[in-house]
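K.L.:
This is query-v7.txt, which holds compact mmCIF, C-alpha atoms:
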# COMPACT_ATOMS: atom_id res chain seq x y z
CA LYS A 5 73.55 -18.39 14.88
CA ASN A 6 70.87 -21.01 15.47
CA PRO A 7 67.63 -19.08 16.29
CA ASN A 8 66.50 -22.00 18.45
CA ASP A 9 69.70 -22.19 20.53
CA ILE A 10 68.36 -21.72 24.08
CA LEU A 11 71.79 -21.05 25.57
CA THR A 12 72.56 -18.28 23.08
CA ILE A 13 69.14 -16.68 23.57
CA SER A 14 69.52 -16.83 27.35
CA LEU A 15 73.04 -15.36 27.22
CA LEU A 16 71.76 -12.49 25.08
CA GLY A 17 69.18 -11.76 27.77
CA ILE A 18 71.87 -11.79 30.46
CA PHE A 19 74.13 -9.57 28.34
CA TYR A 20 71.46 -6.93 27.78
CA ASN A 21 70.56 -7.07 31.47
CA SER A 22 74.21 -6.30 32.32
CA THR A 23 74.17 -3.29 29.99
CA SER A 24 70.87 -2.05 31.48
CA ASP A 25 69.05 -2.48 28.18
CA TYR A 26 66.12 -4.06 29.97
CA GLU A 27 63.71 -3.99 27.03
CA LYS A 28 65.99 -6.21 24.95
CA ALA A 29 66.87 -8.34 27.98
CA VAL A 30 63.20 -9.05 28.68
CA TYR A 31 62.58 -9.86 25.01
CA PHE A 32 65.29 -12.53 24.89
CA GLN A 33 64.53 -13.88 28.35
CA LYS A 34 60.85 -14.31 27.52
CA LEU A 35 61.84 -15.96 24.24
CA ALA A 36 64.09 -18.38 26.10
CA ILE A 37 61.24 -19.29 28.46
CA LYS A 38 58.91 -19.81 25.50
CA LYS A 39 61.36 -22.31 24.01
CA ALA A 40 62.19 -24.03 27.34
CA PRO A 41 59.23 -23.44 29.68
CA LEU A 42 60.38 -26.02 32.26
CA GLU A 43 63.82 -24.49 32.82
CA GLY A 44 63.58 -22.73 36.20
CA ALA A 45 66.80 -20.74 35.85
CA LEU A 46 65.31 -18.83 32.91
CA TYR A 47 62.49 -17.52 35.12
CA LEU A 48 65.01 -16.39 37.73
CA ASN A 49 66.93 -14.45 35.08
CA LEU A 50 63.76 -12.73 33.87
CA SER A 51 62.66 -11.91 37.41
CA GLN A 52 66.03 -10.30 38.13
CA THR A 53 65.74 -8.10 35.03
CA LEU A 54 62.21 -7.00 35.91
CA GLU A 55 63.29 -6.20 39.47
CA LYS A 56 66.23 -4.11 38.25
CA ASN A 57 63.79 -2.22 36.06
CA TRP A 58 61.48 -1.72 39.09
CA GLU A 59 58.72 -3.87 37.60
CA LEU A 60 58.33 -5.48 41.00
CA GLU A 61 54.89 -7.04 40.64
CA GLY A 62 55.98 -8.71 37.42
CA ALA A 63 59.23 -9.88 39.01
CA LEU A 64 57.29 -11.44 41.88
CA LYS A 65 54.90 -13.30 39.56
CA ILE A 66 57.84 -14.77 37.66
CA LEU A 67 59.49 -15.87 40.90
CA PHE A 68 56.32 -17.72 41.86
CA MET A 69 56.48 -19.55 38.53
CA ALA A 70 60.12 -20.48 39.22
CA LYS A 71 59.07 -21.77 42.64
CA ILE A 72 56.43 -24.04 41.12
CA LEU A 73 59.18 -25.63 39.02
CA SER A 74 61.52 -26.01 42.03
CA LEU A 75 59.38 -26.47 45.13
CA LYS A 76 62.29 -27.53 47.34
CA ASP A 77 64.60 -24.68 46.36
CA LYS A 78 64.70 -22.42 49.44
CA SER A 79 66.87 -19.87 47.66
CA ILE A 80 63.80 -18.90 45.63
CA ASP A 81 61.85 -18.41 48.86
CA TYR A 82 64.64 -16.08 49.99
CA ARG A 83 64.42 -14.05 46.78
CA ILE A 84 60.63 -13.83 47.17
CA ALA A 85 61.02 -12.62 50.76
CA LYS A 86 63.55 -9.94 49.78
CA LEU A 87 61.29 -8.78 46.99
CA HIS A 88 58.35 -8.52 49.40
CA THR A 89 60.49 -6.31 51.64
CA LYS A 90 61.37 -4.13 48.65
CA MET A 91 57.64 -3.83 47.91
CA LYS A 92 56.94 -3.02 51.59
CA ASN A 93 54.97 -6.23 52.01
CA PHE A 94 56.69 -6.70 55.37
CA ALA A 95 54.18 -9.14 56.86
CA LYS A 96 54.41 -11.49 53.86
CA ALA A 97 58.19 -11.36 53.96
CA ASP A 98 58.13 -12.04 57.69
CA LEU A 99 56.21 -15.29 57.22
CA ILE A 100 58.75 -16.54 54.69
CA TYR A 101 61.74 -15.56 56.85
CA LYS A 102 60.26 -17.34 59.87
CA ASP A 103 60.05 -20.49 57.77
CA LEU A 104 63.58 -20.07 56.41
CA THR A 105 65.09 -19.62 59.87
CA LYS A 106 63.64 -22.99 60.91
CA GLU A 107 66.01 -24.68 58.48
CA LYS A 108 69.06 -26.36 60.02
CA ASN A 109 71.74 -24.52 58.06
CA PHE A 110 70.38 -21.15 57.03
CA HIS A 111 73.10 -18.65 56.15
CA ASP A 112 73.88 -15.27 57.68
CA GLU A 113 72.49 -13.28 54.76
CA ILE A 114 69.02 -14.58 55.65
CA ILE A 115 69.49 -13.27 59.20
CA TYR A 116 70.49 -9.82 57.99
CA SER A 117 67.61 -9.62 55.53
CA TYR A 118 65.12 -10.93 58.09
CA CYS A 119 66.20 -8.35 60.67
CA GLU A 120 66.17 -5.59 58.05
CA ASN A 121 62.58 -6.51 57.21
CA LEU A 122 61.59 -6.44 60.90
CA ILE A 123 63.25 -3.06 61.46
CA LYS A 124 61.53 -1.58 58.42
CA ASN A 125 58.27 -2.90 59.86
CA LYS A 126 59.10 -1.20 63.21
CA LYS A 127 59.52 -4.50 65.05
CA GLU A 128 62.83 -3.77 66.75
CA LYS A 129 61.92 -5.83 69.83
CA GLU A 130 61.58 -8.93 67.66
CA VAL A 131 65.00 -8.25 66.15
CA ILE A 132 66.61 -8.03 69.58
CA LYS A 133 64.87 -11.18 70.79
CA PHE A 134 65.83 -13.12 67.65
CA ILE A 135 69.53 -12.17 67.81
CA GLU A 136 69.70 -12.86 71.56
CA VAL A 137 68.28 -16.36 71.05
CA TYR A 138 70.48 -16.97 68.00
CA GLN A 139 73.70 -16.02 69.78
CA LYS A 140 73.14 -18.67 72.46
CA SER A 141 74.02 -21.40 69.98
CA HIS A 142 76.00 -19.57 67.28
CA ASP A 143 79.08 -17.41 66.96
CA ILE A 144 78.26 -13.73 66.64
CA ASN A 145 79.96 -11.50 64.08
CA TYR A 146 80.19 -7.74 63.64
CA LYS A 147 77.02 -7.58 61.56
CA HIS A 148 74.93 -9.15 64.32
CA LYS A 149 76.24 -6.50 66.74
CA LEU A 150 75.51 -3.84 64.13
CA ILE A 151 71.91 -5.06 63.82
CA LEU A 152 71.46 -4.91 67.60
CA GLY A 153 72.91 -1.41 67.66
CA LEU A 154 70.53 -0.26 64.94
CA ALA A 155 67.54 -1.90 66.65
CA TYR A 156 68.30 -0.16 69.95
CA LEU A 157 68.86 3.15 68.19
CA LYS A 158 65.45 2.81 66.52
CA GLN A 159 64.04 2.31 70.04
CA LYS A 160 65.91 5.48 71.10
CA ASP A 161 67.94 3.50 73.63
CA VAL A 162 71.18 5.29 72.79
CA ASP A 163 73.32 3.76 75.56
CA LYS A 164 72.65 0.18 74.43
CA ALA A 165 72.97 1.20 70.80
CA VAL A 166 76.42 2.69 71.43
CA PHE A 167 77.45 -0.42 73.41
CA TYR A 168 76.68 -2.83 70.58
CA LEU A 169 78.00 -0.53 67.85
CA LEU A 170 81.33 -0.24 69.65
CA GLU A 171 81.42 -4.04 69.97
CA SER A 172 80.74 -4.26 66.24
CA LEU A 173 83.57 -1.84 65.63
CA ASP A 174 85.92 -3.92 67.79
CA LEU A 175 85.24 -6.89 65.52
CA LYS A 176 85.75 -4.87 62.31
CA LYS A 177 87.74 -1.66 62.63
CA ASP A 178 86.80 -0.18 59.24
CA ASN A 179 83.10 -0.84 59.75
CA VAL A 180 81.70 2.34 58.18
CA ASP A 181 78.09 1.44 58.97
CA ALA A 182 78.88 1.15 62.68
CA LEU A 183 80.84 4.42 62.59
CA ASN A 184 77.97 6.18 60.84
CA LEU A 185 75.39 4.84 63.31
CA LEU A 186 77.60 5.94 66.21
CA GLY A 187 77.51 9.39 64.65
CA ASN A 188 73.72 9.11 64.52
CA CYS A 189 73.64 8.12 68.21
CA TYR A 190 75.69 11.08 69.36
CA GLU A 191 73.81 13.46 67.07
CA PHE A 192 70.53 12.20 68.53
CA SER A 193 71.84 12.70 72.07
CA GLY A 194 73.03 16.23 71.25
CA ASP A 195 76.79 15.57 71.27
CA LEU A 196 77.40 17.11 67.86
CA LYS A 197 81.18 17.33 68.28
CA ARG A 198 81.52 13.59 68.83
CA ALA A 199 78.99 12.89 66.07
CA LYS A 200 81.09 14.93 63.63
CA THR A 201 84.19 12.95 64.63
CA TYR A 202 82.53 9.67 63.68
CA TYR A 203 81.12 11.06 60.43
CA GLU A 204 84.60 12.27 59.48
CA LYS A 205 86.01 8.80 60.20
CA VAL A 206 83.43 7.31 57.82
CA LEU A 207 84.31 9.71 55.03
CA SER A 208 88.03 9.10 55.52
CA ILE A 209 87.35 5.41 54.75
CA ASP A 210 84.56 5.87 52.21
CA PRO A 211 84.31 9.43 50.80
CA TYR A 212 81.07 8.55 49.01
CA HIS A 213 79.22 6.86 51.87
CA LYS A 214 75.69 8.01 51.05
CA HIS A 215 74.20 7.93 54.55
CA THR A 216 77.04 9.99 56.02
CA LEU A 217 76.96 12.54 53.21
CA ASN A 218 73.32 13.21 54.14
CA ASN A 219 74.17 13.97 57.79
Please express what this file holds, its structure, as structure tokens.
P.N.:
Amino acid sequence: KNPNDILTISLLGIFYNSTSDYEKAVYFQKLAIKKAPLEGALYLNLSQTLEKNWELEGALKILFMAKILSLKDKSIDYRIAKLHTKMKNFAKADLIYKDLTKEKNFHDEIIYSYCENLIKNKKEKEVIKFIEVYQKSHDINYKHKLILGLAYLKQKDVDKAVFYLLESLDLKKDNVDALNLLGNCYEFSGDLKRAKTYYEKVLSIDPYHKHTLNN
């Protein structure tokens, strides 16, 4: 009821964001920032709304403003890197990821996003080298194996791709991404019967798996 209540204004922005009414969300989120310009979380909310509405340049500018207010917050760096990848600014994202992976306790999501950025920038060799170095001092999970499988498939090294994808599958039996990539491997090598078997396994687990439906 109080027109100057920052919390209420901010919550209205979040509510309209959740209902995909981005015009109203942006209005309230900008109003909240106007009333509390030093509150970094408000900039993050606005950036998220702009990104969801594919106003990527605007989202990036707002993230930079949030970073100025929280220079030590590495989670903002991560969001900036992911946004650069989305904008196909792979080299800029790469620089940020290299810095993030120098931190002592960076989490797995950073690894996945970093490797995704490298693969999209056709740097599969760097992905393989990074994971191989990482696994010397860390436990490896199914996603790391999946990344290696994808990297080798992009290099058209089907045998190694299949090897790591099967290892990924051993670690997570219902791993639809590994199953789909195995289908891709066998389709690439001309074994359409085996490829179809893996695609059918994917659809039995996830009938709406978009990548498999396109095969």
K.L.:
Do you have the CA of Val30 (chain A)-CA of Thr89 (chain A) distance handy?
P.N.:
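We find that CA of Val30 (chain A) and CA of Thr89 (chain A) lie 23.3 Å from each other.
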K.L.:
Using all atoms listed in the file, can you tell me which of A:Lys65, A:Lys78, A:His213, A:Lys164 comes closest to Lys106 (chain A)?
P.N.:
A:Lys78
K.L.:
By how many Å are CA of Glu128 (chain A) and CA of Ala155 (chain A) apart?
P.N.:
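That distance, rounded to one decimal, is 5.1 Å.
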K.L.:
In Å to one decimal, how far is CA of Lys71 (chain A) from CA of Ala36 (chain A)?
P.N.:
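Interatomic distance here is 17.6 Å.
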K.L.:
Using only C-alpha atoms, pick whichever of A:Gln139, A:Asn179, A:Thr201, A:Asn93 has the shortest atom-to-atom distance to Leu64 (chain A).
P.N.:
A:Asn93
K.L.:
Show which residues sit within 12 Å of Asn49 (chain A), as a PyMOL selection string. Count only C-alpha atoms, and ignore same-chain residues fewer than 4 positions away.
P.N.:
chain A and resi 13-22+26+29-34+36-37+43-45+53-56+63+66-67+70+80+83
K.L.:
Find the residues near region 190-197 of chain A: any atom within 10 Å, counting only C-alpha atoms, skip ones fewer than 2 places away on the same chain, and give them as a PyMOL selection string.
P.N.:
chain A and resi 157+160+162-163+166+185-188+199-202+219
K.L.:
Between A:Lys90, A:Asp181, A:Leu60, A:Leu48, which residue has the minimum interatomic distance to Asp77 (chain A), considering only C-alpha atoms?
P.N.:
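So, comparing all the options, the nearest one is A:Leu48.
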K.L.:
A:Tyr146, A:Tyr212, A:Tyr156, A:Tyr47: which is nearest Lys129 (chain A), counting all atoms listed in the file?
P.N.:
A:Tyr156
K.L.:
Please determine, counting all atoms listed in the file, which residue among A:Leu175, A:Ile10, A:Cys119, A:Leu42 has the shortest atom-to-atom distance to Ser74 (chain A).
P.N.:
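Counting all atoms listed in the file, the residue closest to Ser74 (chain A) is A:Leu42.
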K.L.:
Here is a test: counting only C-alpha atoms, which residue of A:Trp58, A:Phe110, A:Tyr118, A:Phe68 is nearest to Lys86 (chain A)?
P.N.:
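Of A:Trp58, A:Phe110, A:Tyr118, A:Phe68, the one nearest Lys86 (chain A) is A:Tyr118, counting only C-alpha atoms.
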